>>> print(open('upload_8.cif').read())   # mmCIF, C-alpha atoms
data_entry
loop_
_atom_site.label_atom_id
_atom_site.label_comp_id
_atom_site.auth_asym_id
_atom_site.auth_seq_id
_atom_site.Cartn_x
_atom_site.Cartn_y
_atom_site.Cartn_z
CA MET A 16 21.51 30.25 -8.46
CA ILE A 17 21.29 32.16 -11.78
CA ARG A 18 18.86 34.64 -10.19
CA ARG A 19 21.31 35.14 -7.33
CA TYR A 20 24.15 36.06 -9.68
CA LEU A 21 21.91 38.27 -11.80
CA THR A 22 21.07 40.15 -8.61
CA PHE A 23 24.78 40.51 -7.89
CA GLY A 24 25.38 41.91 -11.37
CA VAL A 25 22.53 44.38 -11.43
CA LEU A 26 23.30 45.71 -7.95
CA LEU A 27 27.02 46.03 -8.57
CA ALA A 28 26.40 47.78 -11.90
CA ALA A 29 24.11 50.27 -10.14
CA ILE A 30 26.64 50.82 -7.36
CA TRP A 31 29.53 51.35 -9.78
CA ALA A 32 27.49 53.66 -11.95
CA GLY A 33 26.73 55.72 -8.88
CA ALA A 34 23.04 55.45 -9.68
CA GLU A 35 21.82 55.82 -6.12
CA GLU A 36 18.12 55.91 -6.95
CA ASP A 37 18.37 52.85 -9.17
CA LEU A 38 20.33 51.12 -6.46
CA ALA A 39 17.79 51.89 -3.74
CA ALA A 40 14.99 50.57 -5.90
CA GLN A 41 16.90 47.45 -6.89
CA MET A 42 17.88 46.85 -3.30
CA ASN A 43 14.31 47.03 -2.07
CA VAL A 44 13.18 44.59 -4.67
CA ALA A 45 16.05 42.15 -4.13
CA LEU A 46 16.18 42.25 -0.34
CA ASN A 47 12.41 41.67 -0.18
CA SER A 48 12.40 38.88 -2.74
CA PRO A 49 10.60 35.69 -1.67
CA ASN A 50 13.60 33.78 -3.03
CA PRO A 51 16.22 33.42 -0.23
CA LEU A 52 19.03 33.09 -2.76
CA VAL A 53 18.15 36.43 -4.32
CA ARG A 54 18.03 38.02 -0.88
CA LEU A 55 21.39 36.47 -0.06
CA GLY A 56 22.89 37.61 -3.39
CA ALA A 57 21.69 41.16 -2.81
CA ALA A 58 23.02 41.29 0.72
CA GLU A 59 26.37 39.79 -0.32
CA SER A 60 26.74 42.33 -3.15
CA LEU A 61 26.02 45.18 -0.79
CA VAL A 62 28.57 43.88 1.72
CA GLU A 63 31.12 43.68 -1.12
CA ALA A 64 30.24 47.26 -2.06
CA GLY A 65 30.97 48.47 1.48
CA ARG A 66 27.31 48.94 2.45
CA ALA A 67 27.30 46.35 5.21
CA SER A 68 26.28 48.95 7.79
CA GLU A 69 22.80 49.35 6.29
CA ALA A 70 20.28 47.79 8.62
CA ARG A 71 18.40 46.01 5.85
CA VAL A 72 21.56 44.22 4.76
CA THR A 73 22.44 42.92 8.20
CA SER A 74 18.89 41.92 9.05
CA THR A 75 18.62 39.98 5.77
CA LEU A 76 21.85 38.13 6.47
CA VAL A 77 20.90 37.38 10.08
CA SER A 78 17.52 35.97 9.01
CA LEU A 79 19.31 33.68 6.53
CA LEU A 80 21.43 32.17 9.31
CA ASP A 81 18.32 30.11 10.14
CA HIS A 82 17.79 28.88 6.59
CA ASP A 83 17.18 25.15 6.35
CA ARG A 84 19.86 24.61 3.66
CA ALA A 85 23.38 24.41 5.07
CA PRO A 86 25.13 26.07 2.06
CA THR A 87 22.81 29.09 2.32
CA ARG A 88 23.37 29.32 6.08
CA CYS A 89 27.13 29.16 5.52
CA ASP A 90 27.19 31.78 2.75
CA ALA A 91 25.14 34.09 4.96
CA ALA A 92 27.48 33.39 7.88
CA LEU A 93 30.55 34.26 5.79
CA ALA A 94 28.92 37.53 4.71
CA VAL A 95 28.01 38.27 8.34
CA LEU A 96 31.65 37.90 9.37
CA ARG A 97 32.66 40.37 6.68
CA CYS A 98 30.40 43.01 8.27
CA GLU A 99 32.49 44.86 10.82
CA ASN A 100 29.49 46.22 12.71
CA GLN A 101 27.88 42.90 13.62
CA SER A 102 26.94 42.24 17.20
CA GLU A 103 29.09 39.81 19.14
CA SER A 104 26.33 37.22 19.45
CA THR A 105 25.66 37.27 15.70
CA SER A 106 29.35 36.87 14.88
CA VAL A 107 29.62 33.96 17.29
CA ARG A 108 26.57 32.32 15.73
CA ALA A 109 28.08 32.77 12.27
CA VAL A 110 31.35 31.15 13.38
CA GLU A 111 29.46 28.25 14.95
CA ILE A 112 27.43 27.69 11.79
CA LEU A 113 30.54 27.69 9.61
CA LEU A 114 32.46 25.32 11.88
CA ARG A 115 29.51 22.96 12.24
CA ASP A 116 27.86 23.05 8.79
CA GLY A 117 30.54 24.41 6.50
CA ASP A 118 32.47 22.34 3.99
CA LEU A 119 36.29 22.32 4.17
CA PRO A 120 36.75 25.58 2.14
CA ALA A 121 34.19 27.37 4.33
CA ARG A 122 35.86 26.09 7.50
CA THR A 123 39.23 27.18 6.07
CA GLU A 124 37.81 30.65 5.56
CA VAL A 125 36.57 30.89 9.13
CA PHE A 126 39.86 29.59 10.54
CA LYS A 127 41.60 32.44 8.69
CA MET A 128 39.25 34.91 10.38
CA ILE A 129 39.49 33.51 13.88
CA GLU A 130 42.70 35.30 14.86
CA ALA A 131 41.33 38.57 13.55
CA LEU A 132 38.04 38.09 15.36
CA GLY A 133 39.82 37.32 18.61
CA PRO A 134 37.91 37.02 21.87
CA ILE A 135 34.48 37.35 20.28
CA VAL A 136 34.76 33.78 19.02
CA ARG A 137 35.40 32.42 22.50
CA ALA A 138 31.83 31.17 22.55
CA ALA A 139 32.73 28.96 19.57
CA GLN A 140 35.13 26.95 21.76
CA PRO A 141 32.86 23.88 21.93
CA ALA A 142 32.69 23.76 18.12
CA LEU A 143 36.49 24.11 17.91
CA MET A 144 36.99 21.38 20.54
CA GLU A 145 34.73 19.11 18.51
CA LEU A 146 36.90 19.72 15.44
CA LEU A 147 39.94 18.42 17.32
CA LYS A 148 38.31 15.00 16.82
CA SER A 149 37.54 15.56 13.13
CA SER A 150 38.52 12.85 10.69
CA GLU A 151 39.92 15.63 8.47
CA CYS A 152 43.52 16.29 9.52
CA LEU A 153 43.35 19.89 8.25
CA ASP A 154 40.57 20.57 10.75
CA ARG A 155 42.52 19.08 13.64
CA TYR A 156 45.61 21.01 12.52
CA ARG A 157 43.79 24.35 12.43
CA ALA A 158 41.48 23.83 15.39
CA ALA A 159 44.48 23.29 17.70
CA LEU A 160 46.02 26.63 16.76
CA ALA A 161 42.69 28.45 16.74
CA LEU A 162 41.97 27.25 20.29
CA SER A 163 45.34 28.47 21.49
CA SER A 164 44.43 31.93 20.15
CA VAL A 165 40.89 32.27 21.43
CA ALA A 166 41.03 30.05 24.53
CA PHE A 167 44.60 30.61 25.75
CA ASP A 168 43.36 30.88 29.34
CA ASN A 169 41.34 27.65 29.26
CA SER A 170 43.21 24.64 30.68
CA ASP A 171 40.50 22.23 29.45
CA ALA A 172 41.11 23.39 25.90
CA ALA A 173 44.87 22.93 26.42
CA TYR A 174 44.28 19.41 27.70
CA ALA A 175 42.10 18.62 24.66
CA VAL A 176 44.85 19.92 22.34
CA SER A 177 47.50 17.86 24.16
CA SER A 178 45.88 14.65 22.88
CA LEU A 179 46.93 15.69 19.36
CA VAL A 180 50.68 15.63 20.07
CA ALA A 181 50.38 11.89 19.40
CA ASP A 182 48.23 12.39 16.29
CA ALA A 183 48.71 10.02 13.36
CA HIS A 184 49.60 12.96 11.12
CA PRO A 185 53.06 14.53 11.79
CA ALA A 186 51.92 18.04 10.81
CA VAL A 187 49.09 17.84 13.34
CA GLN A 188 51.58 16.74 16.02
CA VAL A 189 53.78 19.76 15.30
CA ASN A 190 50.88 22.21 15.24
CA ALA A 191 49.41 20.78 18.44
CA SER A 192 52.78 21.18 20.15
CA VAL A 193 53.10 24.78 18.91
CA ALA A 194 49.52 25.45 20.02
CA LEU A 195 50.23 24.04 23.49
CA SER A 196 53.18 26.39 23.89
CA ARG A 197 50.79 29.29 23.26
CA PHE A 198 48.36 28.45 26.09
CA GLU A 199 48.68 30.56 29.23
CA MET A 200 46.78 28.10 31.39
CA LEU A 201 48.35 24.66 31.47
CA ASP A 202 48.03 22.06 34.20
CA HIS A 203 49.44 18.66 35.14
CA ARG A 204 47.04 16.87 32.75
CA VAL A 205 49.16 17.89 29.76
CA ALA A 206 52.44 16.75 31.37
CA PRO A 207 52.36 13.08 30.22
CA ALA A 208 51.75 14.00 26.57
CA VAL A 209 54.44 16.68 26.62
CA THR A 210 56.96 14.47 28.43
CA SER A 211 56.46 11.79 25.78
CA LEU A 212 57.75 14.28 23.20
CA LEU A 213 61.09 14.47 25.02
CA ASN A 214 61.59 10.78 24.38
CA GLY A 215 60.81 10.95 20.66
CA THR A 216 63.17 11.42 17.74
CA ASN A 217 61.75 14.72 16.48
CA ARG A 218 64.15 17.46 17.67
CA PHE A 219 61.68 20.28 17.06
CA LEU A 220 59.02 18.59 19.15
CA GLY A 221 61.59 17.92 21.88
CA LEU A 222 62.69 21.57 21.98
CA ASN A 223 59.14 22.79 22.05
CA ALA A 224 58.26 20.29 24.79
CA CYS A 225 61.07 21.72 26.96
CA GLY A 226 59.52 25.17 26.61
CA ILE A 227 56.08 23.85 27.58
CA ILE A 228 57.55 21.97 30.58
CA GLY A 229 59.18 25.21 31.67
CA ARG A 230 55.76 26.84 31.58
CA LEU A 231 54.23 23.97 33.56
CA GLY A 232 56.91 24.32 36.22
CA PRO A 233 56.53 22.03 39.27
CA GLU A 234 53.47 20.36 37.68
CA ALA A 235 55.80 18.69 35.17
CA SER A 236 58.06 17.00 37.73
CA GLU A 237 57.58 13.66 35.95
CA ALA A 238 59.66 15.10 33.09
CA VAL A 239 62.83 15.34 35.22
CA PRO A 240 64.33 11.93 34.22
CA SER A 241 63.72 12.62 30.52
CA LEU A 242 65.26 16.09 30.82
CA GLN A 243 68.27 14.64 32.61
CA ARG A 244 68.70 12.17 29.76
CA LEU A 245 68.74 15.12 27.37
CA LEU A 246 71.49 16.79 29.39
CA ASP A 247 73.56 13.63 29.11
CA ASP A 248 73.00 13.54 25.36
CA ARG A 249 76.05 15.27 23.86
CA SER A 250 74.53 15.75 20.41
CA PRO A 251 72.96 19.09 19.41
CA GLY A 252 69.36 19.32 20.55
CA PRO A 253 67.20 20.48 23.43
CA GLY A 254 69.96 19.82 25.95
CA LYS A 255 72.71 21.78 24.28
CA ASP A 256 71.15 24.09 21.75
CA ARG A 257 71.48 27.84 21.68
CA GLY A 258 67.73 28.44 21.78
CA GLY A 259 66.31 31.41 23.58
CA GLY A 260 68.42 34.51 23.23
CA ALA A 261 66.92 37.90 23.92
CA ALA A 262 63.36 36.65 23.45
CA GLY A 263 63.90 34.04 26.15
CA VAL A 264 65.08 36.66 28.60
CA ALA A 265 62.09 38.96 28.12
CA MET B 3 70.07 24.65 27.06
CA ILE B 4 66.32 24.86 26.88
CA ALA B 5 66.22 21.58 28.85
CA VAL B 6 68.36 23.26 31.52
CA ARG B 7 65.86 26.10 31.73
CA ALA B 8 62.96 23.64 31.96
CA LEU B 9 64.63 21.84 34.89
CA GLY B 10 65.06 25.16 36.67
CA LYS B 11 61.41 26.01 36.25
CA ILE B 12 60.33 22.64 37.65
CA GLY B 13 62.09 23.73 40.83
CA ALA B 14 62.71 21.56 43.89
CA ALA B 15 61.53 18.36 42.18
CA ALA B 16 64.48 18.68 39.78
CA GLN B 17 67.06 18.20 42.55
CA PRO B 18 68.29 14.89 41.07
CA ALA B 19 69.56 16.93 38.11
CA LEU B 20 71.72 19.25 40.25
CA PRO B 21 75.01 17.34 39.69
CA ASN B 22 74.56 17.58 35.90
CA LEU B 23 73.70 21.26 36.15
CA LYS B 24 76.70 22.04 38.36
CA GLU B 25 78.90 20.35 35.77
CA PHE B 26 77.64 22.91 33.23
CA LEU B 27 78.85 25.82 35.39
CA ASN B 28 82.35 24.95 34.24
CA SER B 29 81.42 24.07 30.68
CA GLY B 30 83.46 26.95 29.26
CA ARG B 31 80.43 28.30 27.43
CA ALA B 32 79.10 31.40 29.13
CA GLU B 33 75.56 30.99 27.84
CA THR B 34 75.30 27.43 29.15
CA ALA B 35 76.86 28.40 32.46
CA VAL B 36 74.36 31.25 32.92
CA ALA B 37 71.39 28.98 32.13
CA ALA B 38 72.72 26.30 34.51
CA ALA B 39 73.37 28.83 37.29
CA ALA B 40 69.86 30.26 36.90
CA ALA B 41 68.39 26.75 37.07
CA ILE B 42 70.42 25.86 40.16
CA LEU B 43 69.21 28.98 41.97
CA ARG B 44 65.61 28.05 41.20
CA ILE B 45 66.04 24.45 42.37
CA GLU B 46 68.02 25.07 45.56
CA ARG B 47 66.28 26.93 48.32
CA THR B 48 69.44 28.67 49.56
CA PRO B 49 71.52 30.55 46.97
CA ASP B 50 74.37 28.36 45.73
CA GLN B 51 77.56 30.45 45.92
CA GLN B 52 79.11 28.86 42.88
CA ALA B 53 76.02 29.65 40.79
CA VAL B 54 75.82 33.22 42.11
CA SER B 55 79.51 33.77 41.27
CA ALA B 56 79.00 32.46 37.72
CA LEU B 57 76.14 34.90 37.21
CA GLU B 58 77.99 37.85 38.75
CA ARG B 59 81.00 37.10 36.55
CA GLU B 60 78.78 37.28 33.47
CA VAL B 61 77.17 40.55 34.58
CA LYS B 62 80.58 42.18 35.01
CA ASN B 63 81.95 40.85 31.71
CA ALA B 64 81.67 43.86 29.42
CA LEU B 65 82.76 41.73 26.45
CA ALA B 66 79.89 39.27 26.86
CA PRO B 67 76.79 39.60 24.64
CA SER B 68 74.21 41.91 26.19
CA TYR B 69 71.42 39.34 26.28
CA GLY B 70 73.68 36.94 28.23
CA ARG B 71 74.37 39.64 30.81
CA LEU B 72 70.65 40.44 30.99
CA SER B 73 69.85 36.72 31.50
CA ALA B 74 72.30 36.65 34.39
CA ILE B 75 70.75 39.76 35.94
CA LYS B 76 67.27 38.29 35.61
CA ALA B 77 68.39 35.09 37.34
CA LEU B 78 69.98 37.04 40.21
CA LEU B 79 66.85 39.15 40.59
CA GLU B 80 64.68 36.04 40.73
CA ALA B 81 66.91 34.72 43.49
CA GLY B 82 66.24 37.92 45.41
CA LEU B 83 69.72 39.34 44.78
CA SER B 84 70.26 42.87 43.60
CA GLY B 85 73.17 45.29 43.46
CA GLN B 86 74.55 48.48 42.03
CA VAL B 87 76.52 46.71 39.29
CA MET B 88 73.34 45.07 38.06
CA LYS B 89 71.54 48.42 37.91
CA GLU B 90 74.44 50.09 36.08
CA THR B 91 74.71 47.23 33.59
CA VAL B 92 71.01 47.25 32.76
CA GLU B 93 70.98 50.99 32.35
CA ALA B 94 74.08 50.94 30.12
CA ILE B 95 72.48 48.32 27.86
CA PHE B 96 69.18 50.23 27.80
CA ARG B 97 70.99 53.40 26.74
CA GLY B 98 73.57 51.68 24.52
CA PRO B 99 73.60 50.75 20.83
CA ASP B 100 72.07 47.28 21.17
CA HIS B 101 69.33 45.93 18.94
CA PRO B 102 65.83 47.17 19.96
CA HIS B 103 64.83 43.60 20.89
CA VAL B 104 67.63 43.48 23.48
CA LYS B 105 66.71 46.95 24.69
CA ILE B 106 63.13 45.78 25.28
CA THR B 107 64.52 43.21 27.73
CA ALA B 108 66.75 45.86 29.31
CA ALA B 109 63.76 48.20 29.68
CA ALA B 110 61.75 45.46 31.41
CA LEU B 111 64.66 44.82 33.79
CA CYS B 112 64.97 48.57 34.48
CA LEU B 113 61.38 48.46 35.67
CA ARG B 114 62.05 45.45 37.88
CA LEU B 115 65.05 47.22 39.37
CA ARG B 116 62.97 50.43 39.74
CA GLU B 117 65.49 52.27 37.54
CA ARG B 118 64.55 54.82 34.87
CA ASN B 119 60.92 53.85 35.30
CA ASP B 120 59.35 56.50 33.07
CA GLU B 121 61.80 56.13 30.21
CA ALA B 122 61.68 52.36 30.31
CA MET B 123 57.90 52.30 30.34
CA GLN B 124 57.80 54.79 27.49
CA PHE B 125 60.23 52.65 25.50
CA LEU B 126 58.07 49.55 25.97
CA THR B 127 54.81 51.27 25.11
CA ASN B 128 56.41 52.86 22.02
CA ALA B 129 57.62 49.42 20.97
CA LEU B 130 54.00 48.21 21.11
CA ALA B 131 53.20 50.63 18.31
CA SER B 132 56.34 49.73 16.35
CA SER B 133 55.92 48.93 12.67
CA GLU B 134 58.04 45.84 13.30
CA ALA B 135 55.67 43.11 14.49
CA VAL B 136 58.32 41.17 16.46
CA ALA B 137 59.23 44.24 18.53
CA GLY B 138 55.57 44.79 19.41
CA ASP B 139 55.21 41.13 20.29
CA LEU B 140 58.30 41.17 22.53
CA ALA B 141 57.20 44.38 24.24
CA ALA B 142 53.77 42.88 24.96
CA GLN B 143 55.42 39.72 26.35
CA ALA B 144 57.79 41.77 28.51
CA LEU B 145 54.92 43.87 29.88
CA GLY B 146 52.84 40.75 30.58
CA ASN B 147 55.75 39.20 32.49
CA LEU B 148 56.06 42.34 34.61
CA GLY B 149 52.60 41.74 36.08
CA GLU B 150 51.52 44.49 38.44
CA LEU B 151 54.55 46.63 37.52
CA ALA B 152 53.05 47.00 34.05
CA LEU B 153 49.79 48.56 35.27
CA PRO B 154 50.78 52.01 33.89
CA ALA B 155 51.02 50.38 30.44
CA VAL B 156 47.42 49.13 30.46
CA PRO B 157 46.05 52.13 28.47
CA ALA B 158 48.73 51.64 25.79
CA LEU B 159 48.05 47.91 25.72
CA SER B 160 44.32 48.53 25.40
CA GLN B 161 45.04 50.87 22.52
CA ALA B 162 47.19 48.19 20.88
CA LEU B 163 44.17 45.88 20.84
CA GLN B 164 43.04 47.96 17.86
CA ASN B 165 46.26 47.22 15.94
CA ARG B 166 45.74 45.75 12.49
CA GLU B 167 48.24 42.94 13.14
CA PRO B 168 46.35 39.91 14.56
CA ARG B 169 49.53 38.44 16.06
CA LEU B 170 50.16 41.58 18.05
CA ARG B 171 46.55 41.73 19.21
CA ILE B 172 46.84 38.19 20.54
CA ALA B 173 50.13 39.00 22.33
CA VAL B 174 48.49 42.07 23.84
CA ARG B 175 45.44 40.13 25.02
CA ARG B 176 47.79 37.65 26.71
CA ALA B 177 49.74 40.50 28.32
CA LEU B 178 46.56 42.10 29.65
CA TRP B 179 45.40 38.71 30.92
CA ARG B 180 48.74 38.22 32.76
CA ILE B 181 48.69 41.70 34.27
CA ASN B 182 45.10 41.18 35.36
CA SER B 183 45.88 37.73 36.83
CA ALA B 184 48.91 39.09 38.71
CA THR B 185 46.91 42.01 40.07
CA THR B 186 43.94 39.94 41.19
CA SER B 187 46.10 37.20 42.76
CA GLN B 188 47.80 39.79 44.95
CA LYS B 189 44.52 41.05 46.36
CA PRO B 190 43.56 39.48 49.72
#
>>> encode(input="upload_8.cif", output="structure tokens")
Amino acid sequence: MIRRYLTFGVLLAAIWAGAEEDLAAQMNVALNSPNPLVRLGAAESLVEAGRASEARVTSTLVSLLDHDRAPTRCDAALAVLRCENQSESTSVRAVEILLRDGDLPARTEVFKMIEALGPIVRAAQPALMELLKSSECLDRYRAALALSSVAFDNSDAAYAVSSLVADAHPAVQVNASVALSRFEMLDHRVAPAVTSLLNGTNRFLGLNACGIIGRLGPEASEAVPSLQRLLDDRSPGPGKDRGGGAAGVA
Amino acid sequence: MIAVRALGKIGAAAQPALPNLKEFLNSGRAETAVAAAAAILRIERTPDQQAVSALEREVKNALAPSYGRLSAIKALLEAGLSGQVMKETVEAIFRGPDHPHVKITAAALCLRLRERNDEAMQFLTNALASSEAVAGDLAAQALGNLGELALPAVPALSQALQNREPRLRIAVRRALWRINSATTSQKP
């Protein structure tokens, strides 16, 4: 570990000093080191210094994605995702590694990147679906939203997310309901879970469920009695609120 | 009111709710009446005269909020009804002093009514590049909802995929997906 940070320091000092020749020499030594942590440290420093496009940097990071220690794989994967010029397959592999092997902070980092990465992480859908069943509520919370961003046209993903509207954690319920409203492809399988929200006491979930039922259309016919009950309810809520406005018209 | 909209979108299977919805036509609140009328027209196969009258009344009411009048026009259009008053109202709102978010809706309706096509399309594509994220988001949604009519906006949408704002990029990807789905579903 100490050698890794020393590498960081020496390389950054050379970069800041503008000592190109020193830097090239240091880089060759560090990137060819037999110690994977030194190689990783060198590659990370060069990514930080905006030199991610250099072939040696990317090839070093990619080779470290296969390292047998999970923390090294994850650090390499995070550095890979910070390189804008990575190939799609490498980025997907990096996301998969982080979701599968990363600790909570590493997974948090990758969740933050998912929206920015967009469709290229579609191949990570299985890993995201697996996280919907995680024992860590933060994973379930984030995986639901991430799926609605990268797999909005996948009705299986929507169905998997719908199971979380009855999650033990209220924040996960809310996020799952918000995520469901963001899916473009919804089918009758989500109707029972969404209809159950109309009968609950949480007004936000009820309002959101109405929006999702509207998107389901005829496939949500089982929700009609619950919706009628809401119309009969004279208190403010999904039946009588002023939701919608201009955004609803568009 | 969102429950009223949901019933409308369920369509024919929501017929048991028609008596409740018809009650709302005379609720005294224009917004509720418009939502109920729109839902009734979606549920009933033949246009209900009472619902159509409620919507037409709202369209002609110059004192009503613009988005309420636009909602009424949208509902009439979905029921296959169109008229000169609707076209004039949409155009007046599009050209008037309303908030840009309302004008995005008006622009989308102009395109549906085949009115001011070039200007409306230009307005929507400009909104995509707006520095205000919500406007870009709404424009992308409106274009996505237009389906095949939004085909001329595909280059601008593709360009917007490079926007720095992740939320807008997601809205744009959805819009492109909708336009693509609408186009492919219409092919034999």
>>> resolve_selection(input="upload_8.cif", expression="the PyMOL selection byres ((chain B and resi 136-144) around 8)", output="PyMOL selection string")
(chain A and resi 262+265) or (chain B and resi 102-103+106-107+110+126-127+129-135+145-148+159+169-170+173-174+176-177)
>>> interface_residues(input="upload_8.cif", of="chain B", to="chain A", cutoff="9 Å", atoms="all atoms listed in the file", output="NGL selection string")
:B and (3-19 or 22-23 or 33-34 or 68-70 or 72-73 or 76 or 103-104 or 106-108 or 110-111 or 140-141 or 143-145 or 147 or 166-169 or 171-172 or 175-176 or 179-180)
>>> resolve_selection(input="upload_8.cif", expression="the PyMOL selection byres ((chain B and resi 121) around 12)", output="list in words")
Glu93, Phe96, Arg97, Lys105, Ile106, Ala108, Ala109, Ala110, Cys112, Leu113, Arg116, Glu117, Arg118, Asn119, Asp120, Ala122, Met123, Gln124, Phe125, Leu126, Thr127 and Asn128 of chain B
>>> write_last_selection(input="upload_8.cif", atoms="C-alpha atoms", output="PDB file, keeping the file's coordinate frame")
ATOM      1  CA  GLU B  93      70.980  50.990  32.350  1.00  0.00           C
ATOM      2  CA  PHE B  96      69.180  50.230  27.800  1.00  0.00           C
ATOM      3  CA  ARG B  97      70.990  53.400  26.740  1.00  0.00           C
ATOM      4  CA  LYS B 105      66.710  46.950  24.690  1.00  0.00           C
ATOM      5  CA  ILE B 106      63.130  45.780  25.280  1.00  0.00           C
ATOM      6  CA  ALA B 108      66.750  45.860  29.310  1.00  0.00           C
ATOM      7  CA  ALA B 109      63.760  48.200  29.680  1.00  0.00           C
ATOM      8  CA  ALA B 110      61.750  45.460  31.410  1.00  0.00           C
ATOM      9  CA  CYS B 112      64.970  48.570  34.480  1.00  0.00           C
ATOM     10  CA  LEU B 113      61.380  48.460  35.670  1.00  0.00           C
ATOM     11  CA  ARG B 116      62.970  50.430  39.740  1.00  0.00           C
ATOM     12  CA  GLU B 117      65.490  52.270  37.540  1.00  0.00           C
ATOM     13  CA  ARG B 118      64.550  54.820  34.870  1.00  0.00           C
ATOM     14  CA  ASN B 119      60.920  53.850  35.300  1.00  0.00           C
ATOM     15  CA  ASP B 120      59.350  56.500  33.070  1.00  0.00           C
ATOM     16  CA  ALA B 122      61.680  52.360  30.310  1.00  0.00           C
ATOM     17  CA  MET B 123      57.900  52.300  30.340  1.00  0.00           C
ATOM     18  CA  GLN B 124      57.800  54.790  27.490  1.00  0.00           C
ATOM     19  CA  PHE B 125      60.230  52.650  25.500  1.00  0.00           C
ATOM     20  CA  LEU B 126      58.070  49.550  25.970  1.00  0.00           C
ATOM     21  CA  THR B 127      54.810  51.270  25.110  1.00  0.00           C
ATOM     22  CA  ASN B 128      56.410  52.860  22.020  1.00  0.00           C
TER      23      ASN B 128
END
>>> resolve_selection(input="upload_8.cif", expression="the PyMOL selection byres ((chain A and resi 95) around 9)", output="list in words")
Glu59, Val62, Ala67, Thr73, Leu76, Val77, Asp90, Ala91, Ala92, Leu93, Ala94, Leu96, Arg97, Cys98, Glu99, Gln101, Thr105, Ser106 and Ala109 of chain A
>>> closest_residue(input="upload_8.cif", among="A:Asp154, A:Asp81, A:Glu69, A:Asp202", to="Glu124 in chain A", atoms="all atoms listed in the file")
A:Asp154
>>> atom_distance(input="upload_8.cif", atom1="CA of Leu57 in chain B", atom2="CA of Ala77 in chain B")
7.8 Å
>>> closest_residue(input="upload_8.cif", among="B:Leu115, B:Val87, B:Glu150, B:Ser29", to="Asn63 in chain B", atoms="all atoms listed in the file")
B:Val87
>>> atom_distance(input="upload_8.cif", atom1="CA of His101 in chain B", atom2="CA of Ser196 in chain A")
25.8 Å
>>> atom_distance(input="upload_8.cif", atom1="CA of Asn169 in chain A", atom2="CA of Pro120 in chain A")
27.6 Å
>>> residues_around(input="upload_8.cif", residues="Val54 in chain B", least_positions_apart="5", cutoff="12 Å", atoms="all atoms listed in the file", output="mmCIF file with C-alpha atoms, in the frame of the given file")
data_model
loop_
_atom_site.group_PDB
_atom_site.id
_atom_site.type_symbol
_atom_site.label_atom_id
_atom_site.label_comp_id
_atom_site.auth_asym_id
_atom_site.auth_seq_id
_atom_site.Cartn_x
_atom_site.Cartn_y
_atom_site.Cartn_z
ATOM 1 C CA LYS B 24 76.700 22.040 38.360
ATOM 2 C CA LEU B 27 78.850 25.820 35.390
ATOM 3 C CA ALA B 35 76.860 28.400 32.460
ATOM 4 C CA VAL B 36 74.360 31.250 32.920
ATOM 5 C CA ALA B 37 71.390 28.980 32.130
ATOM 6 C CA ALA B 38 72.720 26.300 34.510
ATOM 7 C CA ALA B 39 73.370 28.830 37.290
ATOM 8 C CA ALA B 40 69.860 30.260 36.900
ATOM 9 C CA ALA B 41 68.390 26.750 37.070
ATOM 10 C CA ILE B 42 70.420 25.860 40.160
ATOM 11 C CA LEU B 43 69.210 28.980 41.970
ATOM 12 C CA ARG B 44 65.610 28.050 41.200
ATOM 13 C CA GLU B 46 68.020 25.070 45.560
ATOM 14 C CA THR B 48 69.440 28.670 49.560
ATOM 15 C CA PRO B 49 71.520 30.550 46.970
ATOM 16 C CA ARG B 59 81.000 37.100 36.550
ATOM 17 C CA GLU B 60 78.780 37.280 33.470
ATOM 18 C CA VAL B 61 77.170 40.550 34.580
ATOM 19 C CA ALA B 74 72.300 36.650 34.390
ATOM 20 C CA ILE B 75 70.750 39.760 35.940
ATOM 21 C CA LYS B 76 67.270 38.290 35.610
ATOM 22 C CA ALA B 77 68.390 35.090 37.340
ATOM 23 C CA LEU B 78 69.980 37.040 40.210
ATOM 24 C CA LEU B 79 66.850 39.150 40.590
ATOM 25 C CA GLU B 80 64.680 36.040 40.730
ATOM 26 C CA ALA B 81 66.910 34.720 43.490
ATOM 27 C CA GLY B 82 66.240 37.920 45.410
ATOM 28 C CA LEU B 83 69.720 39.340 44.780
ATOM 29 C CA SER B 84 70.260 42.870 43.600
#
>>> residues_around(input="upload_8.cif", residues="Gln188 in chain A", least_positions_apart="6", cutoff="9 Å", atoms="only C-alpha atoms", output="PDB file with C-alpha atoms, in the coordinates of the input")
ATOM      1  CA  TYR A 156      45.610  21.010  12.520  1.00  0.00           C
ATOM      2  CA  LEU A 179      46.930  15.690  19.360  1.00  0.00           C
ATOM      3  CA  VAL A 180      50.680  15.630  20.070  1.00  0.00           C
ATOM      4  CA  ALA A 181      50.380  11.890  19.400  1.00  0.00           C
ATOM      5  CA  ASP A 182      48.230  12.390  16.290  1.00  0.00           C
ATOM      6  CA  LEU A 220      59.020  18.590  19.150  1.00  0.00           C
TER       7      LEU A 220
END
>>> residues_around(input="upload_8.cif", residues="Leu153 in chain B", least_positions_apart="6", cutoff="9 Å", atoms="all atoms listed in the file", output="ChimeraX atom specification")
/B:145,181-182,185
>>> residues_around(input="upload_8.cif", residues="range 157-161 of chain A", least_positions_apart="5", cutoff="9 Å", atoms="only C-alpha atoms", output="PyMOL selection string")
chain A and resi 123+126+129-130+143-147+152+166+172-173+175-177+179+187+190-195+197
